[in-house]
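Trainee: Please see the structure below; I have some questions.
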Amino acid sequence: MTESNAISKGPCDSCGSSDGNVLYDDGHSYCFVCESYTHGDAEMPQEVTLTNTHELGRMTQAWQQAKPVAIPDRSLTSATASKYKVAVVGEHHYYPYFDADSTEPVGFKVRHLKTKAFRVVGDIKSGGLFGQQRYGNHKQNRVVVVEGELDALAASAMFDDKVAVVSLKQGAAAAGKDFKTAYNFLDGFTEIVVCFDADKAGLDAIEKVAEVFAGKLRIMRLDPSVGKDACDYLKAGEKKAFTDLYWSASQYTPKGILSKGELWDRLNAERPDKLGDYPWEALNDITYGFRPTELITVTAGSGLGKSSILRELVMHVKQTTSNRIGCLFMEEAVERTAEGFMGVDLSTPVHLPTSAV
């Protein structure tokens, strides 16, 4: 579980899961069912482990004794870290996870600052979403779900801690599973605002969580040119842009289905002008010329003049517009194509042996 990108998922040789094993772009893989980890081709930090529960007591003690400190590389203050009980111990971040009944963590995600590698200590599978313990009374109508722990801190900071923010336990690849295990908690809110990373994995994760909470979902669509996640927005000083996206988050609609707002935007969008007219007025009366993004297909039997029509059209476009034209006449030689265009321009069949040209 490093800061790499998931590229595919498939079966796990360890537990037999059909799709729980996720492959990352640095070559390592991780099964979100049995938590088995496989090293990739790249050199991986020695610290990366996923089952180290015997350290939980020692780590809890270190976490309790640690004082909240700022995380300057993410523009996070000590006050924000304190609200989520995130501790910095030496060269490590401790992200605590709690279950519904515990005041002490049932597990930690531990992040090494230099290598950016993660390990899991304890049993975070039995815990809730990261930050969930802060909102047990459901005093707010909305909850925002982000992908990672630091994103939760960043989003909360930009909201001035006035919005409930939690993060997934196992990243975008296991978003659907995390939503299912946290069903009762999430169902206590009127609306669930999803703010996943602006990448393919984040978009795929939206579809997974929609299988659990489609009716309550609202989607914050981050602008990749500003940042792909909440941390990027905070570091860029784009607090207003982020909060505006929160308030304008659109209700989830399945792929291929438009909301009335999206349809209205399309209807009012500026439409491209036509690229030009056909050389035949009767055809222009029917089609109103031709436009960008259109595919025009000319069909007829063999020897009925399809190539002749295309040559007339190409020469007309060349002579009446500034558009550049590329031609692929697959069934004739280049010489014949050139002679055909010359013949249209001269109104003479220059390809025939009897031509005087």
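In the structure tokens, chains take letters A, B, ... by order of appearance, with residues numbered from 1 within each chain and ligands from 1 in the order shown.
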Would you mind listing what lies within 12 Å of range 85-90 of chain A as a PyMOL selection string, with only C-alpha atoms counted and same-chain residues fewer than 5 positions away left out?

Mentor: chain A and resi 59-72+76-80+95-98+103-105+108-114+130-134+149-150+152-153

Trainee: Apply DSSP to the backbone of this structure and, from range 110-150 of chain A, keep only the residues in helix (DSSP H, G or I); write these as number ranges by chain.

Mentor: A: 124-126, 132-135, 149-150

Trainee: Give me a file of those residues, with N, CA, C and O atoms, as an mmCIF file, in the first residue's frame.

Mentor:
```cif
data_model
loop_
_atom_site.group_PDB
_atom_site.id
_atom_site.type_symbol
_atom_site.label_atom_id
_atom_site.label_comp_id
_atom_site.auth_asym_id
_atom_site.auth_seq_id
_atom_site.Cartn_x
_atom_site.Cartn_y
_atom_site.Cartn_z
ATOM 1 N N ILE A 124 -7.552 -2.617 11.364
ATOM 2 C CA ILE A 124 -8.391 -1.522 10.884
ATOM 3 C C ILE A 124 -9.629 -2.036 10.163
ATOM 4 O O ILE A 124 -10.587 -1.290 9.958
ATOM 5 N N LYS A 125 -9.626 -3.308 9.793
ATOM 6 C CA LYS A 125 -10.817 -3.862 9.140
ATOM 7 C C LYS A 125 -12.023 -3.817 10.065
ATOM 8 O O LYS A 125 -13.160 -3.695 9.616
ATOM 9 N N SER A 126 -11.790 -3.937 11.380
ATOM 10 C CA SER A 126 -12.906 -3.888 12.329
ATOM 11 C C SER A 126 -13.286 -2.451 12.688
ATOM 12 O O SER A 126 -14.279 -2.221 13.367
ATOM 13 N N GLN A 132 -14.426 8.630 11.370
ATOM 14 C CA GLN A 132 -15.841 8.330 11.630
ATOM 15 C C GLN A 132 -16.220 8.582 13.090
ATOM 16 O O GLN A 132 -17.350 8.985 13.384
ATOM 17 N N GLN A 133 -15.278 8.350 14.015
ATOM 18 C CA GLN A 133 -15.588 8.497 15.438
ATOM 19 C C GLN A 133 -15.961 9.930 15.801
ATOM 20 O O GLN A 133 -16.582 10.176 16.840
ATOM 21 N N ARG A 134 -15.637 10.879 14.933
ATOM 22 C CA ARG A 134 -15.943 12.287 15.219
ATOM 23 C C ARG A 134 -17.424 12.611 15.040
ATOM 24 O O ARG A 134 -17.904 13.614 15.557
ATOM 25 N N TYR A 135 -18.139 11.782 14.298
ATOM 26 C CA TYR A 135 -19.493 12.156 13.875
ATOM 27 C C TYR A 135 -20.522 11.095 14.238
ATOM 28 O O TYR A 135 -21.478 10.866 13.502
ATOM 29 N N GLU A 149 -6.467 9.635 4.165
ATOM 30 C CA GLU A 149 -6.493 10.294 5.466
ATOM 31 C C GLU A 149 -6.097 11.764 5.376
ATOM 32 O O GLU A 149 -6.765 12.635 5.944
ATOM 33 N N LEU A 150 -5.000 12.054 4.675
ATOM 34 C CA LEU A 150 -4.567 13.444 4.560
ATOM 35 C C LEU A 150 -5.570 14.291 3.780
ATOM 36 O O LEU A 150 -5.729 15.484 4.036
#
```

Trainee: What separation in Å, quoted to one decimal, exists between CA of Phe179 in chain A and CA of Val212 in chain A?

Mentor: 7.0 Å

Trainee: List the spatial neighbours of range 238-253 of chain A as a list in words - criterion: any atom at most 6 Å away, only C-alpha atoms, same-chain residues fewer than 3 positions off excluded.

Mentor: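 Counting only the stated atoms, we get Met158, Leu217, Arg218, Ile219, Met220, Tyr233 and Leu234 of chain A.
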
Trainee: Residues as selected, C-alpha atoms, written as a PDB file, in the first residue's frame, can you do that?

Mentor:
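The file below, result28.pdb, is the result:
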```
ATOM      1  CA  MET A 158     -10.920  24.107   3.974  1.00  0.00           C
ATOM      2  CA  LEU A 217     -24.875  10.462  -3.563  1.00  0.00           C
ATOM      3  CA  ARG A 218     -23.681  13.857  -4.665  1.00  0.00           C
ATOM      4  CA  ILE A 219     -20.452  14.152  -6.632  1.00  0.00           C
ATOM      5  CA  MET A 220     -17.720  16.767  -6.226  1.00  0.00           C
ATOM      6  CA  TYR A 233      -6.449  22.243  -3.467  1.00  0.00           C
ATOM      7  CA  LEU A 234      -5.304  23.192   0.038  1.00  0.00           C
TER       8      LEU A 234
END
```

Trainee: Which residues come within 8 Å of range 350-354 of chain A, counting only C-alpha atoms, excluding same-chain residues fewer than 4 positions away, as a CSV table (one decimal) with N, CA, C and O atoms, in the first residue's frame?

Mentor:
```csv
chain,number,residue,atom,x,y,z
A,336,ARG,N,-3.9,8.4,-60.1
A,336,ARG,CA,-5.3,8.4,-60.5
A,336,ARG,C,-6.0,9.4,-59.6
A,336,ARG,O,-6.9,10.2,-60.1
A,339,GLU,N,-5.1,12.9,-60.8
A,339,GLU,CA,-5.7,13.3,-62.0
A,339,GLU,C,-7.2,13.5,-61.9
A,339,GLU,O,-7.8,14.4,-62.5
A,340,GLY,N,-7.8,12.8,-60.9
A,340,GLY,CA,-9.3,13.0,-60.7
A,340,GLY,C,-9.5,14.4,-60.2
A,340,GLY,O,-10.5,15.1,-60.6
A,342,MET,N,-7.6,17.0,-60.6
A,342,MET,CA,-7.3,18.0,-61.7
A,342,MET,C,-8.4,18.0,-62.7
A,342,MET,O,-8.8,19.1,-63.2
A,343,GLY,N,-9.1,16.9,-62.9
A,343,GLY,CA,-10.2,16.8,-63.8
A,343,GLY,C,-11.4,17.6,-63.3
A,343,GLY,O,-12.0,18.3,-64.1
```

Trainee: Pull the strand (DSSP E) assignments for range 157-232 of chain A out of DSSP run on the backbone, and list those residues as a PyMOL selection string.

Mentor: chain A and resi 164-167+191-195+217-219

Trainee: Taking 6 positions as the minimum chain separation for residues in the same chain, which residues sit within 6 Å of range 221-231 of chain A when counting only C-alpha atoms? Answer as a PyMOL selection string.

Mentor: chain A and resi 151+154-155+197-198
